[in-house]
Amino acid sequence: MKFTLSWLKEHLETTASVEEIADALTDLGLEVEEVVNPTDALKGFTVGFVKKAEKHPDADKLRVCIVETDEGEKQIICGAPNAREGIRVVVAKPGMYIPGIDTTISVGKIRGVESHGMMCSEREMELSDEHDGIIELPGEPVVGLAFTDWLAENDPAKIDPVIEIAITPNRQDALGVHGIARDLAARGLGTLKPMEIAPVKGSFPSPVSVTIDPALKDLGCPLFAGRVIRGVKNGPSPEWLQKRLKAIGLRPISALVDITNFFTFDACRPLHVFDADKVKGGLRIHPAKGGETLLALDEKTYEMQPGMMVISDENGPESLAGIMGGEHSGCTEETVNVFLESAYWDPVTIANTGRALKIHSDARYRFERGVDPEFTLPGLEAATQMILDLCGGEASEVVMDGAVPDTARAYRLDTDRVQSLVGMTIPAETQRATLENLGFRLEGDMAHVPSWRPDVQGEADLVEEVARIASLTKLEGKPLPRVIPGVPKQILSPRQKREQIARRTSAALGYNECVSYSFIDQKAAGLFGGGDDASKLENPISSEMSHMRPSLLPGLLQAAARNQARGIMDLALFEVGPVFHGGEPEDEELLISGILVGHTGPKDIHGARRPVDTFDAKADAEAILSAIGAPEKMMIRRDMNAWWHPGRSGKLCLGPKNVLGAFGELHPKVLRELDVKGPVVAFAIHMANVPLPKAKGTARPALVLSDLQAVERDFAFVVDSDVEALVLVNAAAGADKALIETVRVFDEFVGGSLGEGKKSLAITVRMQPTDKTLTEKDIEAVSAKIVEKVTKATGGTLRG
């Protein structure tokens, strides 16, 4: 939205500077994007007096002028036909930049004669396109006077600053200069000038009738009004109107069209003029059947879709309602009779039509945001009067169908809510005055919303208006009061505390945290047991985010692939977040997952670097489980999901049903589908399945030490090659749970004299007595139990 300072002052009585106005607008929520001040380019230009002008000795069309300036007399060579003795001119000195010719001038010689400056034309100073001669200033302005000061006093329109602001969708009232002035007046930067609009009395019945189709009266077009103005002269618009439109980037076309554009930007009231002689019969507003075509004013042909609002006469469509008029009934220089239209259109219908046809117009931009419905008829009267003033003619009576839609609503003004919602202390009388200045009508504690503010929909919006005008920059940060002295009670839930601990533990293990979207594509979701209709989004933001993720691993693997594509091959990534096993709230679960890719570290001379393996993921999973309070003893199961490697993965469980997590190598086919160079080992922990510890505190129990000598014995068993070491360890530990403290595997041997399908597992058993020192007989008895238990559990034999 663009406007000039002088245009703003048509609606606002103010002495504020451009800078003060720009700062206030941004603070009010109407962010200033640019201020173009012509005086910035004209600084340094001064008034001069041509004391003497003689013909150049070596050029017929050049004159050697002696010019009085604020720096004394200067010799300037000039080729303008009006360069002569005794005139006041605008002087540019050497070193100055001339915007119209994009040149910085300097002292130079022209046909052997030095020139110490330049006398400028209007085009050279970008004041107009006039370049037939240099500027001649009327009267006797003082030599050395800044040219900008002379313009400010004699021709201020030429240095009128242009302000451009960004309009948020909820502030459609600021799409007119009058609405902007209202905000500034409420802030205290001036006084709002009322728009005094007197009805124009019609002298004859309108020969053009208007009818709204019943299907549109309730929603699409509640009100359509207009009148015929006959005997107009549609020539160029006056200079003041052309300058105003040019300043905001609009091209003047004709008086009639320029008037409608003026009201679009002046009062946020889009209008349209039809050539009444080209309208056959009356105008009908109706939904399109589909397939109708219209050659619009932008010289493009548009095909209507069913339901679009169209203005038609007996010949067919004449205008796309609220968006753009038709070429056939458009006004030209030969137009003498016009039908001036003012209507209120449904914002949603206008937006849908504009998007479908890809039409962008100033009318659509305003109607789809919602203009003031109560200004429909006053806007028609104001435009009628301007047409009569500028184009002449005679106005008919107003014809209309429908009625102004009822937008009346009121909300209670609770002056205490400004403190509770915003944290600002504003006196009640100031709040009431602010709302009244913005056009609200107050009755007791009820605030009646003006028709031009459809965005105000509740009590909180009243508070926002008060705070906005008071300035949110005055809001001060203050600490919350401490109600209870001392250390406050912990407010984090056990789940939140576990999530925090898990995140910190993962980072301490060397992992980098990722935060990815909860939406993934169907292909990736399908690789991890998801991708069904239950987890499909109805309105995804892209095809790559069509489903809720069933696992955190797809996001981590995609992050790994992006890093590998950039040459980063060794990765340790983790994420804490929700996963979704269906479409219901109870199908959501909080997980922590991590992946390891590449090697354990960089190359070194000690050869410590090695590829990551399943046991790295297992160790990290166990470390995180331990940190969040999981029991130490867990069993490992092998019934894994399809995305895990079947022989290199496992589940950490408490009993047959309670799965705490999974670890291992990911299946190569999953890595191929996601374009990840493997192998990749990973873990996933179901934090909700970890039982809460019985002890509420974090203190460790008292250390229990025995003063009796511990005994260690080594055993080697020959078992089948498919027997798991864990089975053997658990069997040995169960021989005497009170006496045996630990069992640890320290060697594995395959081949040699053992034969095909056999292996040797060696374990160390540590026995710690608590009541007496173990004798040889006691040790042999426990050893026999160990051999018996292991033999029974594994089918193996003690190796000789």
# chains A, B, ... in the order shown; residues from 1 in each chain; ligands from 1
call {"tool": "select_by_dssp", "arguments": {"residues": "stretch 369-528 of chain A", "states": "alpha helix (DSSP H)", "output": "VMD selection string"}}
result
chain A and resid 376 to 391 417 428 to 437 459 to 470 494 to 508 522 to 527
call {"tool": "residues_around", "arguments": {"residues": "stretch 702-705 of chain A", "least_positions_apart": "5", "cutoff": "12 Å", "atoms": "only C-alpha atoms", "output": "list in words"}}
result
Ala710, Gln768, Pro769, Thr770 and Asp771 of chain A
call {"tool": "residues_around", "arguments": {"residues": "A:Ile541", "least_positions_apart": "4", "cutoff": "12 Å", "atoms": "only C-alpha atoms", "output": "mmCIF file with N, CA, C and O atoms, in the first residue's frame"}}
result
data_model
loop_
_atom_site.group_PDB
_atom_site.id
_atom_site.type_symbol
_atom_site.label_atom_id
_atom_site.label_comp_id
_atom_site.auth_asym_id
_atom_site.auth_seq_id
_atom_site.Cartn_x
_atom_site.Cartn_y
_atom_site.Cartn_z
ATOM 1 N N TYR A 517 10.814 -33.398 10.881
ATOM 2 C CA TYR A 517 9.359 -33.299 10.812
ATOM 3 C C TYR A 517 8.714 -34.615 11.256
ATOM 4 O O TYR A 517 9.287 -35.695 11.080
ATOM 5 N N PHE A 519 6.189 -35.624 9.759
ATOM 6 C CA PHE A 519 5.569 -36.102 8.519
ATOM 7 C C PHE A 519 6.667 -36.624 7.591
ATOM 8 O O PHE A 519 7.703 -35.984 7.419
ATOM 9 N N ILE A 520 6.421 -37.765 6.985
ATOM 10 C CA ILE A 520 7.354 -38.330 6.012
ATOM 11 C C ILE A 520 6.561 -38.835 4.819
ATOM 12 O O ILE A 520 5.326 -38.883 4.847
ATOM 13 N N ASP A 521 7.261 -39.237 3.778
ATOM 14 C CA ASP A 521 6.565 -39.738 2.590
ATOM 15 C C ASP A 521 6.096 -41.179 2.810
ATOM 16 O O ASP A 521 6.583 -41.887 3.704
ATOM 17 N N LEU A 537 -2.224 -37.969 6.044
ATOM 18 C CA LEU A 537 -2.731 -36.619 6.273
ATOM 19 C C LEU A 537 -3.753 -36.258 5.204
ATOM 20 O O LEU A 537 -3.566 -36.577 4.025
ATOM 21 N N MET A 545 5.573 -35.250 2.575
ATOM 22 C CA MET A 545 5.139 -35.196 3.978
ATOM 23 C C MET A 545 3.680 -35.631 4.063
ATOM 24 O O MET A 545 2.839 -34.922 4.608
ATOM 25 N N SER A 546 3.389 -36.801 3.524
ATOM 26 C CA SER A 546 2.004 -37.245 3.391
ATOM 27 C C SER A 546 1.533 -38.116 4.543
ATOM 28 O O SER A 546 0.332 -38.310 4.705
ATOM 29 N N HIS A 547 2.453 -38.671 5.363
ATOM 30 C CA HIS A 547 2.060 -39.600 6.413
ATOM 31 C C HIS A 547 2.762 -39.263 7.722
ATOM 32 O O HIS A 547 3.870 -38.715 7.740
#
call {"tool": "closest_residue", "arguments": {"among": "A:Glu13, A:Asn170, A:Ile311, A:Cys221", "to": "A:Gly29", "atoms": "only C-alpha atoms"}}
result
A:Asn170
call {"tool": "residues_around", "arguments": {"residues": "A:Glu54", "least_positions_apart": "4", "cutoff": "7 Å", "atoms": "only C-alpha atoms", "output": "list in words"}}
result
Arg63, Val64 and Cys65 of chain A
call {"tool": "closest_residue", "arguments": {"among": "A:Thr168, A:Asn689, A:Thr473, A:Ser420", "to": "A:Tyr365", "atoms": "only C-alpha atoms"}}
result
A:Thr168
call {"tool": "select_by_dssp", "arguments": {"residues": "stretch 414-600 of chain A", "states": "strand (DSSP E or B)", "output": "PyMOL selection string"}}
result
chain A and resi 441-443+446-448+512-513+519-520+536+547-548+571-580+588-597+599
call {"tool": "write_last_selection", "arguments": {"atoms": "N, CA and C atoms", "output": "mmCIF file, in the first residue's frame"}}
result
data_model
loop_
_atom_site.group_PDB
_atom_site.id
_atom_site.type_symbol
_atom_site.label_atom_id
_atom_site.label_comp_id
_atom_site.auth_asym_id
_atom_site.auth_seq_id
_atom_site.Cartn_x
_atom_site.Cartn_y
_atom_site.Cartn_z
ATOM 1 N N ARG A 441 -17.969 2.381 19.117
ATOM 2 C CA ARG A 441 -19.000 3.102 19.858
ATOM 3 C C ARG A 441 -19.184 2.420 21.207
ATOM 4 N N LEU A 442 -19.012 3.178 22.295
ATOM 5 C CA LEU A 442 -19.062 2.624 23.641
ATOM 6 C C LEU A 442 -20.395 2.948 24.298
ATOM 7 N N GLU A 443 -21.023 1.921 24.831
ATOM 8 C CA GLU A 443 -22.240 2.072 25.627
ATOM 9 C C GLU A 443 -22.036 1.302 26.922
ATOM 10 N N MET A 446 -19.833 -1.968 27.060
ATOM 11 C CA MET A 446 -19.915 -2.683 25.784
ATOM 12 C C MET A 446 -19.332 -1.820 24.668
ATOM 13 N N ALA A 447 -18.455 -2.429 23.871
ATOM 14 C CA ALA A 447 -17.822 -1.738 22.740
ATOM 15 C C ALA A 447 -18.421 -2.269 21.449
ATOM 16 N N HIS A 448 -19.076 -1.403 20.690
ATOM 17 C CA HIS A 448 -19.679 -1.774 19.417
ATOM 18 C C HIS A 448 -18.629 -1.606 18.312
ATOM 19 N N ASN A 512 24.871 -36.377 18.045
ATOM 20 C CA ASN A 512 24.343 -35.054 17.716
ATOM 21 C C ASN A 512 22.830 -35.153 17.562
ATOM 22 N N GLU A 513 22.127 -34.205 18.179
ATOM 23 C CA GLU A 513 20.658 -34.286 18.146
ATOM 24 C C GLU A 513 20.099 -33.751 16.830
ATOM 25 N N PHE A 519 6.189 -35.624 9.759
ATOM 26 C CA PHE A 519 5.569 -36.102 8.519
ATOM 27 C C PHE A 519 6.667 -36.624 7.591
ATOM 28 N N ILE A 520 6.421 -37.765 6.985
ATOM 29 C CA ILE A 520 7.354 -38.330 6.012
ATOM 30 C C ILE A 520 6.561 -38.835 4.819
ATOM 31 N N LYS A 536 -2.396 -41.295 7.294
ATOM 32 C CA LYS A 536 -2.278 -40.403 6.150
ATOM 33 C C LYS A 536 -2.894 -39.046 6.473
ATOM 34 N N HIS A 547 2.453 -38.671 5.363
ATOM 35 C CA HIS A 547 2.060 -39.600 6.413
ATOM 36 C C HIS A 547 2.762 -39.263 7.722
ATOM 37 N N MET A 548 2.108 -39.610 8.826
ATOM 38 C CA MET A 548 2.748 -39.484 10.134
ATOM 39 C C MET A 548 3.806 -40.579 10.262
ATOM 40 N N LEU A 571 29.036 -40.666 11.343
ATOM 41 C CA LEU A 571 27.933 -39.934 11.943
ATOM 42 C C LEU A 571 27.417 -40.632 13.187
ATOM 43 N N ALA A 572 26.987 -39.833 14.149
ATOM 44 C CA ALA A 572 26.282 -40.335 15.334
ATOM 45 C C ALA A 572 25.136 -39.369 15.586
ATOM 46 N N LEU A 573 23.916 -39.773 15.259
ATOM 47 C CA LEU A 573 22.750 -38.902 15.333
ATOM 48 C C LEU A 573 21.682 -39.521 16.226
ATOM 49 N N PHE A 574 20.950 -38.678 16.943
ATOM 50 C CA PHE A 574 19.826 -39.179 17.734
ATOM 51 C C PHE A 574 18.687 -38.181 17.680
ATOM 52 N N GLU A 575 17.497 -38.649 18.029
ATOM 53 C CA GLU A 575 16.319 -37.780 18.083
ATOM 54 C C GLU A 575 15.371 -38.290 19.156
ATOM 55 N N VAL A 576 14.750 -37.356 19.841
ATOM 56 C CA VAL A 576 13.695 -37.666 20.810
ATOM 57 C C VAL A 576 12.408 -37.048 20.282
ATOM 58 N N GLY A 577 11.372 -37.855 20.123
ATOM 59 C CA GLY A 577 10.136 -37.306 19.596
ATOM 60 C C GLY A 577 9.043 -38.337 19.493
ATOM 61 N N PRO A 578 7.842 -37.885 19.108
ATOM 62 C CA PRO A 578 6.706 -38.807 19.013
ATOM 63 C C PRO A 578 6.705 -39.584 17.703
ATOM 64 N N VAL A 579 6.195 -40.797 17.772
ATOM 65 C CA VAL A 579 5.910 -41.602 16.583
ATOM 66 C C VAL A 579 4.437 -41.993 16.649
ATOM 67 N N PHE A 580 3.892 -42.408 15.510
ATOM 68 C CA PHE A 580 2.457 -42.624 15.405
ATOM 69 C C PHE A 580 2.181 -43.983 14.750
ATOM 70 N N GLU A 588 -0.097 -42.590 19.682
ATOM 71 C CA GLU A 588 1.137 -41.810 19.720
ATOM 72 C C GLU A 588 2.045 -42.324 20.832
ATOM 73 N N GLU A 589 3.348 -42.359 20.570
ATOM 74 C CA GLU A 589 4.317 -42.883 21.538
ATOM 75 C C GLU A 589 5.589 -42.046 21.474
ATOM 76 N N LEU A 590 6.212 -41.834 22.617
ATOM 77 C CA LEU A 590 7.465 -41.087 22.683
ATOM 78 C C LEU A 590 8.641 -42.057 22.627
ATOM 79 N N LEU A 591 9.552 -41.843 21.678
ATOM 80 C CA LEU A 591 10.734 -42.696 21.501
ATOM 81 C C LEU A 591 11.994 -41.848 21.540
ATOM 82 N N ILE A 592 13.102 -42.537 21.801
ATOM 83 C CA ILE A 592 14.419 -41.970 21.534
ATOM 84 C C ILE A 592 15.145 -42.974 20.664
ATOM 85 N N SER A 593 15.670 -42.508 19.543
ATOM 86 C CA SER A 593 16.375 -43.388 18.611
ATOM 87 C C SER A 593 17.693 -42.745 18.220
ATOM 88 N N GLY A 594 18.643 -43.595 17.876
ATOM 89 C CA GLY A 594 19.946 -43.117 17.440
ATOM 90 C C GLY A 594 20.527 -44.019 16.381
ATOM 91 N N ILE A 595 21.407 -43.490 15.557
ATOM 92 C CA ILE A 595 22.097 -44.283 14.542
ATOM 93 C C ILE A 595 23.585 -43.971 14.583
ATOM 94 N N LEU A 596 24.383 -44.984 14.245
ATOM 95 C CA LEU A 596 25.829 -44.847 14.097
ATOM 96 C C LEU A 596 26.188 -45.277 12.689
ATOM 97 N N VAL A 597 26.953 -44.452 11.995
ATOM 98 C CA VAL A 597 27.341 -44.732 10.615
ATOM 99 C C VAL A 597 28.839 -44.543 10.486
ATOM 100 N N HIS A 599 32.714 -45.144 11.087
ATOM 101 C CA HIS A 599 33.726 -45.658 12.004
ATOM 102 C C HIS A 599 33.617 -44.986 13.365
#
call {"tool": "closest_residue", "arguments": {"among": "A:Val338, A:Gly444, A:Ser319, A:Asp570", "to": "A:Leu388", "atoms": "only C-alpha atoms"}}
result
A:Val338
call {"tool": "residues_around", "arguments": {"residues": "A:Lys358", "least_positions_apart": "4", "cutoff": "12 Å", "atoms": "only C-alpha atoms", "output": "JSON, numbers by chain"}}
result
{"A": [300, 301, 302, 303, 323, 324, 350, 351, 352, 353, 354, 364]}
call {"tool": "write_last_selection", "arguments": {"atoms": "C-alpha atoms", "output": "short mmCIF file (atom, residue, chain, number, x, y, z; two decimals), in the first residue's frame"}}
result
data_model
loop_
_atom_site.label_atom_id
_atom_site.label_comp_id
_atom_site.auth_asym_id
_atom_site.auth_seq_id
_atom_site.Cartn_x
_atom_site.Cartn_y
_atom_site.Cartn_z
CA LYS A 300 -6.97 -11.47 -21.69
CA THR A 301 -9.87 -13.84 -22.23
CA TYR A 302 -11.09 -15.78 -19.19
CA GLU A 303 -13.38 -18.81 -19.12
CA ILE A 323 -12.29 -8.50 -9.75
CA MET A 324 -12.09 -6.94 -13.23
CA ILE A 350 -13.88 -13.32 -4.67
CA ALA A 351 -10.73 -15.06 -3.39
CA ASN A 352 -11.71 -18.41 -4.92
CA THR A 353 -12.48 -16.84 -8.30
CA GLY A 354 -9.27 -14.81 -8.34
CA ARG A 364 -9.72 -8.27 -5.77
#
call {"tool": "closest_residue", "arguments": {"among": "A:Ala733, A:Ala53, A:Met635, A:Leu666", "to": "A:Leu557", "atoms": "only C-alpha atoms"}}
result
A:Leu666
call {"tool": "closest_residue", "arguments": {"among": "A:Gly796, A:Gly190, A:Gly282, A:Gly95", "to": "A:Gly44", "atoms": "only C-alpha atoms"}}
result
A:Gly95
call {"tool": "closest_residue", "arguments": {"among": "A:Val67, A:Ala793, A:Met309, A:Asp587", "to": "A:Val727", "atoms": "only C-alpha atoms"}}
result
A:Ala793
call {"tool": "residues_around", "arguments": {"residues": "A:Leu671", "least_positions_apart": "6", "cutoff": "10 Å", "atoms": "only C-alpha atoms", "output": "VMD selection string"}}
result
chain A and resid 527 554 557 to 558 561 643 677 to 680
call {"tool": "residues_around", "arguments": {"residues": "A:Thr148", "least_positions_apart": "3", "cutoff": "8 Å", "atoms": "only C-alpha atoms", "output": "list in words"}}
result
Thr39, Leu42, Lys43, Phe45, Leu151, Ala152 and Ile159 of chain A
call {"tool": "write_last_selection", "arguments": {"atoms": "N, CA and C atoms", "output": "short mmCIF file (atom, residue, chain, number, x, y, z; two decimals), in the first residue's frame"}}
result
data_model
loop_
_atom_site.label_atom_id
_atom_site.label_comp_id
_atom_site.auth_asym_id
_atom_site.auth_seq_id
_atom_site.Cartn_x
_atom_site.Cartn_y
_atom_site.Cartn_z
N THR A 39 13.40 14.83 -1.83
CA THR A 39 14.36 15.83 -1.37
C THR A 39 15.75 15.23 -1.15
N LEU A 42 17.71 15.79 -4.16
CA LEU A 42 17.85 17.18 -4.60
C LEU A 42 18.68 18.02 -3.63
N LYS A 43 19.26 17.37 -2.63
CA LYS A 43 20.09 18.13 -1.70
C LYS A 43 21.33 18.67 -2.41
N PHE A 45 21.35 21.24 -4.56
CA PHE A 45 20.95 22.13 -5.66
C PHE A 45 20.49 23.47 -5.06
N LEU A 151 11.02 24.65 -3.44
CA LEU A 151 9.93 23.76 -3.85
C LEU A 151 8.92 23.58 -2.73
N ALA A 152 9.40 23.44 -1.50
CA ALA A 152 8.50 23.23 -0.37
C ALA A 152 7.52 24.38 -0.22
N ILE A 159 8.03 17.45 -4.37
CA ILE A 159 8.92 16.80 -3.39
C ILE A 159 8.08 16.06 -2.34
#
call {"tool": "atom_distance", "arguments": {"atom1": "atom CA of A:Ser451", "atom2": "atom CA of A:Asp372"}}
result
5.7 Å
